[in-house]
Amino acid sequence: MIPGGGQPNMQQLLQQAQKMQQDLALAQEELARTEVEGQAGGGLVKATVTGSGELRGLVIDPKAVDPEDTETLADLVVAAVQAANENAQTLQQQKLGPLAQGLGGGSGIPGLPF
């Protein structure tokens, strides 16, 4: 309820909602372009993902390659990708968190990862 008993200005509310929607779309586009890195094994394996979590690159130092122990290499790859995705989630929260709060707190909004 608006103080003084007046009705909310629906046009103003719609404009605010449209602006928040545009801001959210711009932030999501920026996340899709921004790359973050994760690494494992002291940098022997590095994974690059976008801020939206898309795997873009994987660099494996030759020192990490042991034909007799491919299991360790696989573990390092998984750890590097997980670290990169954690960094992407942190970036998502930094970029989208304030926008989600403006939309009512962020919980229960479809499509948002938090």
# chains A, B, ... in the order shown; residues from 1 in each chain; ligands from 1
$ select_by_dssp --residues "region 29-114 of chain A" --states "helix (DSSP H, G or I)" --output "PyMOL selection string"
chain A and resi 29-33+62-64+70-102
$ residues_around --residues "region 26-30 of chain A" --least-positions-apart "4" --cutoff "12 Å" --atoms "only C-alpha atoms" --output "list of chain:residue names"
A:Lys19, A:Met20, A:Gln21, A:Gln22, A:Thr34, A:Glu35, A:Thr50, A:Gly51, A:Ser52, A:Gly53, A:Ala88, A:Leu91, A:Gln92, A:Gln93, A:Gln94, A:Lys95, A:Leu96, A:Gly97, A:Pro98, A:Leu99, A:Ala100, A:Gly111, A:Leu112, A:Pro113
$ select_by_dssp --residues "chain A" --states "strand (DSSP E)" --output "list in words"
Glu35, Val36, Glu37, Gly38, Gln39, Ala40, Val45, Lys46, Ala47, Thr48, Val49, Thr50, Leu55, Arg56, Gly57, Leu58, Val59 and Ile60 of chain A
$ residues_around --residues "Leu55 (chain A)" --least-positions-apart "5" --cutoff "9 Å" --atoms "only C-alpha atoms" --output "list in words"
Ala47, Thr48, Val49, Thr50, Val81, Ala84 and Asn85 of chain A
$ residues_around --residues "region 63-67 of chain A" --least-positions-apart "2" --cutoff "9 Å" --atoms "only C-alpha atoms" --output "PDB file with all heavy atoms, in the first residue's frame"
ATOM      1  N   GLY A  41      46.571 -29.125  -9.497  1.00  0.00           N
ATOM      2  CA  GLY A  41      47.930 -29.659  -9.556  1.00  0.00           C
ATOM      3  C   GLY A  41      48.980 -28.576  -9.605  1.00  0.00           C
ATOM      4  O   GLY A  41      49.993 -28.727 -10.283  1.00  0.00           O
ATOM      5  N   LEU A  44      49.294 -27.414 -13.189  1.00  0.00           N
ATOM      6  CA  LEU A  44      49.570 -28.380 -14.259  1.00  0.00           C
ATOM      7  C   LEU A  44      48.388 -28.504 -15.219  1.00  0.00           C
ATOM      8  O   LEU A  44      48.573 -28.787 -16.395  1.00  0.00           O
ATOM      9  CB  LEU A  44      49.902 -29.760 -13.672  1.00  0.00           C
ATOM     10  CG  LEU A  44      51.237 -29.882 -12.934  1.00  0.00           C
ATOM     11  CD1 LEU A  44      51.381 -31.262 -12.310  1.00  0.00           C
ATOM     12  CD2 LEU A  44      52.393 -29.596 -13.879  1.00  0.00           C
ATOM     13  N   VAL A  45      47.194 -28.309 -14.703  1.00  0.00           N
ATOM     14  CA  VAL A  45      46.000 -28.349 -15.543  1.00  0.00           C
ATOM     15  C   VAL A  45      45.218 -27.066 -15.293  1.00  0.00           C
ATOM     16  O   VAL A  45      44.951 -26.712 -14.146  1.00  0.00           O
ATOM     17  CB  VAL A  45      45.123 -29.588 -15.233  1.00  0.00           C
ATOM     18  CG1 VAL A  45      43.849 -29.559 -16.065  1.00  0.00           C
ATOM     19  CG2 VAL A  45      45.899 -30.872 -15.490  1.00  0.00           C
ATOM     20  N   ILE A  60      46.923 -28.561 -20.558  1.00  0.00           N
ATOM     21  CA  ILE A  60      47.539 -29.603 -19.742  1.00  0.00           C
ATOM     22  C   ILE A  60      49.041 -29.526 -19.942  1.00  0.00           C
ATOM     23  O   ILE A  60      49.541 -29.689 -21.064  1.00  0.00           O
ATOM     24  CB  ILE A  60      47.011 -31.003 -20.129  1.00  0.00           C
ATOM     25  CG1 ILE A  60      45.496 -31.059 -19.942  1.00  0.00           C
ATOM     26  CG2 ILE A  60      47.715 -32.084 -19.321  1.00  0.00           C
ATOM     27  CD1 ILE A  60      44.843 -32.319 -20.477  1.00  0.00           C
ATOM     28  N   ASP A  61      49.755 -29.270 -18.861  1.00  0.00           N
ATOM     29  CA  ASP A  61      51.216 -29.233 -18.902  1.00  0.00           C
ATOM     30  C   ASP A  61      51.713 -30.654 -19.206  1.00  0.00           C
ATOM     31  O   ASP A  61      51.230 -31.618 -18.611  1.00  0.00           O
ATOM     32  CB  ASP A  61      51.746 -28.754 -17.545  1.00  0.00           C
ATOM     33  CG  ASP A  61      53.238 -28.514 -17.554  1.00  0.00           C
ATOM     34  OD1 ASP A  61      54.004 -29.446 -17.895  1.00  0.00           O
ATOM     35  OD2 ASP A  61      53.652 -27.404 -17.184  1.00  0.00           O
ATOM     36  N   ASP A  69      49.587 -43.515 -15.604  1.00  0.00           N
ATOM     37  CA  ASP A  69      48.672 -43.011 -14.568  1.00  0.00           C
ATOM     38  C   ASP A  69      47.718 -41.971 -15.151  1.00  0.00           C
ATOM     39  O   ASP A  69      47.766 -40.798 -14.805  1.00  0.00           O
ATOM     40  CB  ASP A  69      49.487 -42.412 -13.406  1.00  0.00           C
ATOM     41  CG  ASP A  69      48.611 -41.973 -12.247  1.00  0.00           C
ATOM     42  OD1 ASP A  69      47.425 -42.375 -12.190  1.00  0.00           O
ATOM     43  OD2 ASP A  69      49.109 -41.214 -11.402  1.00  0.00           O
ATOM     44  N   THR A  70      46.848 -42.417 -16.021  1.00  0.00           N
ATOM     45  CA  THR A  70      45.881 -41.492 -16.621  1.00  0.00           C
ATOM     46  C   THR A  70      44.795 -41.098 -15.627  1.00  0.00           C
ATOM     47  O   THR A  70      44.142 -40.063 -15.790  1.00  0.00           O
ATOM     48  CB  THR A  70      45.229 -42.111 -17.868  1.00  0.00           C
ATOM     49  OG1 THR A  70      44.598 -43.334 -17.510  1.00  0.00           O
ATOM     50  CG2 THR A  70      46.263 -42.349 -18.957  1.00  0.00           C
ATOM     51  N   THR A  72      45.146 -40.039 -12.518  1.00  0.00           N
ATOM     52  CA  THR A  72      45.523 -38.789 -11.854  1.00  0.00           C
ATOM     53  C   THR A  72      45.290 -37.606 -12.780  1.00  0.00           C
ATOM     54  O   THR A  72      44.781 -36.561 -12.355  1.00  0.00           O
ATOM     55  CB  THR A  72      46.994 -38.840 -11.397  1.00  0.00           C
ATOM     56  OG1 THR A  72      47.133 -39.892 -10.439  1.00  0.00           O
ATOM     57  CG2 THR A  72      47.431 -37.532 -10.775  1.00  0.00           C
ATOM     58  N   LEU A  73      45.624 -37.753 -14.055  1.00  0.00           N
ATOM     59  CA  LEU A  73      45.397 -36.678 -15.014  1.00  0.00           C
ATOM     60  C   LEU A  73      43.910 -36.375 -15.119  1.00  0.00           C
ATOM     61  O   LEU A  73      43.506 -35.209 -15.110  1.00  0.00           O
ATOM     62  CB  LEU A  73      45.966 -37.044 -16.382  1.00  0.00           C
ATOM     63  CG  LEU A  73      45.731 -36.023 -17.501  1.00  0.00           C
ATOM     64  CD1 LEU A  73      46.292 -34.653 -17.126  1.00  0.00           C
ATOM     65  CD2 LEU A  73      46.339 -36.526 -18.797  1.00  0.00           C
ATOM     66  N   LEU A  76      42.855 -34.388 -12.172  1.00  0.00           N
ATOM     67  CA  LEU A  76      43.311 -32.998 -12.271  1.00  0.00           C
ATOM     68  C   LEU A  76      42.424 -32.200 -13.229  1.00  0.00           C
ATOM     69  O   LEU A  76      42.100 -31.038 -12.959  1.00  0.00           O
ATOM     70  CB  LEU A  76      44.768 -32.935 -12.731  1.00  0.00           C
ATOM     71  CG  LEU A  76      45.825 -33.399 -11.725  1.00  0.00           C
ATOM     72  CD1 LEU A  76      47.206 -33.434 -12.379  1.00  0.00           C
ATOM     73  CD2 LEU A  76      45.831 -32.503 -10.502  1.00  0.00           C
TER      74      LEU A  76
END
$ closest_residue --among "A:Gln16, A:Val59, A:Asp23, A:Ala74" --to "Gln39 (chain A)" --atoms "only C-alpha atoms"
A:Val59
$ atom_distance --atom1 "CA of Gly38 (chain A)" --atom2 "CA of Ala80 (chain A)"
5.1 Å
$ atom_distance --atom1 "CA of Ala40 (chain A)" --atom2 "CA of Glu68 (chain A)"
19.5 Å
$ atom_distance --atom1 "CA of Lys46 (chain A)" --atom2 "CA of Leu58 (chain A)"
5.7 Å
$ decode --residues "region 7-114 of chain A" --atoms "C-alpha atoms" --output "PDB file, in the first residue's frame"
ATOM      1  CA  GLN A   7      -2.607   3.544  -5.944  1.00  0.00           C
ATOM      2  CA  PRO A   8       0.851   2.625  -7.232  1.00  0.00           C
ATOM      3  CA  ASN A   9       1.711   4.127 -10.594  1.00  0.00           C
ATOM      4  CA  MET A  10       1.467   1.043 -12.830  1.00  0.00           C
ATOM      5  CA  GLN A  11       3.315   2.708 -15.703  1.00  0.00           C
ATOM      6  CA  GLN A  12       6.224   3.546 -13.399  1.00  0.00           C
ATOM      7  CA  LEU A  13       6.268  -0.013 -12.012  1.00  0.00           C
ATOM      8  CA  LEU A  14       6.297  -1.451 -15.526  1.00  0.00           C
ATOM      9  CA  GLN A  15       9.153   0.840 -16.542  1.00  0.00           C
ATOM     10  CA  GLN A  16      11.168  -0.216 -13.484  1.00  0.00           C
ATOM     11  CA  ALA A  17      10.515  -3.892 -14.231  1.00  0.00           C
ATOM     12  CA  GLN A  18      11.561  -3.440 -17.869  1.00  0.00           C
ATOM     13  CA  LYS A  19      14.760  -1.677 -16.826  1.00  0.00           C
ATOM     14  CA  MET A  20      15.615  -4.469 -14.378  1.00  0.00           C
ATOM     15  CA  GLN A  21      14.929  -7.033 -17.098  1.00  0.00           C
ATOM     16  CA  GLN A  22      17.220  -5.151 -19.520  1.00  0.00           C
ATOM     17  CA  ASP A  23      19.934  -4.868 -16.856  1.00  0.00           C
ATOM     18  CA  LEU A  24      19.667  -8.587 -16.156  1.00  0.00           C
ATOM     19  CA  ALA A  25      19.923  -9.441 -19.867  1.00  0.00           C
ATOM     20  CA  LEU A  26      22.991  -7.207 -20.236  1.00  0.00           C
ATOM     21  CA  ALA A  27      24.634  -8.802 -17.198  1.00  0.00           C
ATOM     22  CA  GLN A  28      23.948 -12.289 -18.589  1.00  0.00           C
ATOM     23  CA  GLU A  29      25.473 -11.303 -21.950  1.00  0.00           C
ATOM     24  CA  GLU A  30      28.534  -9.946 -20.164  1.00  0.00           C
ATOM     25  CA  LEU A  31      28.867 -13.201 -18.207  1.00  0.00           C
ATOM     26  CA  ALA A  32      28.723 -15.202 -21.428  1.00  0.00           C
ATOM     27  CA  ARG A  33      31.655 -13.138 -22.808  1.00  0.00           C
ATOM     28  CA  THR A  34      33.771 -13.065 -19.638  1.00  0.00           C
ATOM     29  CA  GLU A  35      36.242 -15.899 -19.153  1.00  0.00           C
ATOM     30  CA  VAL A  36      37.491 -17.190 -15.800  1.00  0.00           C
ATOM     31  CA  GLU A  37      40.112 -19.804 -15.042  1.00  0.00           C
ATOM     32  CA  GLY A  38      40.493 -22.642 -12.602  1.00  0.00           C
ATOM     33  CA  GLN A  39      43.536 -24.789 -12.047  1.00  0.00           C
ATOM     34  CA  ALA A  40      44.659 -27.954 -10.339  1.00  0.00           C
ATOM     35  CA  GLY A  41      47.930 -29.659  -9.556  1.00  0.00           C
ATOM     36  CA  GLY A  42      49.697 -26.394  -8.876  1.00  0.00           C
ATOM     37  CA  GLY A  43      48.850 -25.146 -12.359  1.00  0.00           C
ATOM     38  CA  LEU A  44      49.570 -28.380 -14.259  1.00  0.00           C
ATOM     39  CA  VAL A  45      46.000 -28.349 -15.543  1.00  0.00           C
ATOM     40  CA  LYS A  46      44.116 -25.130 -16.289  1.00  0.00           C
ATOM     41  CA  ALA A  47      40.503 -24.858 -17.391  1.00  0.00           C
ATOM     42  CA  THR A  48      38.864 -21.752 -18.818  1.00  0.00           C
ATOM     43  CA  VAL A  49      35.097 -21.276 -18.653  1.00  0.00           C
ATOM     44  CA  THR A  50      32.799 -18.390 -19.393  1.00  0.00           C
ATOM     45  CA  GLY A  51      31.047 -16.612 -16.569  1.00  0.00           C
ATOM     46  CA  SER A  52      27.959 -18.597 -17.535  1.00  0.00           C
ATOM     47  CA  GLY A  53      29.846 -21.892 -17.084  1.00  0.00           C
ATOM     48  CA  GLU A  54      30.662 -22.901 -20.678  1.00  0.00           C
ATOM     49  CA  LEU A  55      34.011 -24.717 -20.941  1.00  0.00           C
ATOM     50  CA  ARG A  56      36.167 -22.783 -23.422  1.00  0.00           C
ATOM     51  CA  GLY A  57      39.672 -24.124 -22.946  1.00  0.00           C
ATOM     52  CA  LEU A  58      41.801 -26.739 -21.267  1.00  0.00           C
ATOM     53  CA  VAL A  59      45.593 -26.578 -20.957  1.00  0.00           C
ATOM     54  CA  ILE A  60      47.539 -29.603 -19.742  1.00  0.00           C
ATOM     55  CA  ASP A  61      51.216 -29.233 -18.902  1.00  0.00           C
ATOM     56  CA  PRO A  62      53.191 -32.137 -20.419  1.00  0.00           C
ATOM     57  CA  LYS A  63      54.569 -32.870 -16.929  1.00  0.00           C
ATOM     58  CA  ALA A  64      51.047 -33.924 -15.926  1.00  0.00           C
ATOM     59  CA  VAL A  65      50.921 -36.633 -18.605  1.00  0.00           C
ATOM     60  CA  ASP A  66      51.965 -40.072 -17.396  1.00  0.00           C
ATOM     61  CA  PRO A  67      50.766 -42.895 -19.678  1.00  0.00           C
ATOM     62  CA  GLU A  68      50.939 -45.250 -16.682  1.00  0.00           C
ATOM     63  CA  ASP A  69      48.672 -43.011 -14.568  1.00  0.00           C
ATOM     64  CA  THR A  70      45.881 -41.492 -16.621  1.00  0.00           C
ATOM     65  CA  GLU A  71      43.578 -41.576 -13.585  1.00  0.00           C
ATOM     66  CA  THR A  72      45.523 -38.789 -11.854  1.00  0.00           C
ATOM     67  CA  LEU A  73      45.397 -36.678 -15.014  1.00  0.00           C
ATOM     68  CA  ALA A  74      41.640 -37.210 -15.247  1.00  0.00           C
ATOM     69  CA  ASP A  75      41.280 -36.156 -11.599  1.00  0.00           C
ATOM     70  CA  LEU A  76      43.311 -32.998 -12.271  1.00  0.00           C
ATOM     71  CA  VAL A  77      41.128 -32.138 -15.279  1.00  0.00           C
ATOM     72  CA  VAL A  78      37.946 -32.589 -13.250  1.00  0.00           C
ATOM     73  CA  ALA A  79      39.373 -30.502 -10.380  1.00  0.00           C
ATOM     74  CA  ALA A  80      40.435 -27.694 -12.737  1.00  0.00           C
ATOM     75  CA  VAL A  81      37.018 -27.574 -14.411  1.00  0.00           C
ATOM     76  CA  GLN A  82      35.300 -27.583 -11.010  1.00  0.00           C
ATOM     77  CA  ALA A  83      37.531 -24.740  -9.813  1.00  0.00           C
ATOM     78  CA  ALA A  84      36.773 -22.744 -12.962  1.00  0.00           C
ATOM     79  CA  ASN A  85      33.037 -23.318 -12.514  1.00  0.00           C
ATOM     80  CA  GLU A  86      33.244 -22.195  -8.871  1.00  0.00           C
ATOM     81  CA  ASN A  87      34.924 -19.005 -10.078  1.00  0.00           C
ATOM     82  CA  ALA A  88      32.170 -18.582 -12.678  1.00  0.00           C
ATOM     83  CA  GLN A  89      29.499 -18.982  -9.978  1.00  0.00           C
ATOM     84  CA  THR A  90      31.208 -16.345  -7.862  1.00  0.00           C
ATOM     85  CA  LEU A  91      31.228 -14.030 -10.870  1.00  0.00           C
ATOM     86  CA  GLN A  92      27.529 -14.772 -11.492  1.00  0.00           C
ATOM     87  CA  GLN A  93      26.684 -13.854  -7.918  1.00  0.00           C
ATOM     88  CA  GLN A  94      28.675 -10.617  -8.185  1.00  0.00           C
ATOM     89  CA  LYS A  95      27.005  -9.616 -11.467  1.00  0.00           C
ATOM     90  CA  LEU A  96      23.489 -10.968 -10.981  1.00  0.00           C
ATOM     91  CA  GLY A  97      23.103 -10.845  -7.215  1.00  0.00           C
ATOM     92  CA  PRO A  98      22.293  -7.131  -6.957  1.00  0.00           C
ATOM     93  CA  LEU A  99      19.847  -7.461  -9.860  1.00  0.00           C
ATOM     94  CA  ALA A 100      18.159 -10.480  -8.294  1.00  0.00           C
ATOM     95  CA  GLN A 101      17.781  -8.627  -5.011  1.00  0.00           C
ATOM     96  CA  GLY A 102      16.074  -5.822  -6.896  1.00  0.00           C
ATOM     97  CA  LEU A 103      13.651  -8.404  -8.224  1.00  0.00           C
ATOM     98  CA  GLY A 104      12.709  -9.644  -4.771  1.00  0.00           C
ATOM     99  CA  GLY A 105      15.686 -11.343  -3.200  1.00  0.00           C
ATOM    100  CA  GLY A 106      16.853 -13.822  -5.803  1.00  0.00           C
ATOM    101  CA  SER A 107      15.239 -16.904  -4.337  1.00  0.00           C
ATOM    102  CA  GLY A 108      12.771 -18.661  -6.516  1.00  0.00           C
ATOM    103  CA  ILE A 109      13.500 -16.706  -9.693  1.00  0.00           C
ATOM    104  CA  PRO A 110      13.662 -19.193 -12.568  1.00  0.00           C
ATOM    105  CA  GLY A 111      16.910 -19.242 -14.463  1.00  0.00           C
ATOM    106  CA  LEU A 112      19.076 -17.767 -11.732  1.00  0.00           C
ATOM    107  CA  PRO A 113      21.686 -20.090 -10.222  1.00  0.00           C
ATOM    108  CA  PHE A 114      21.245 -18.869  -6.640  1.00  0.00           C
TER     109      PHE A 114
END
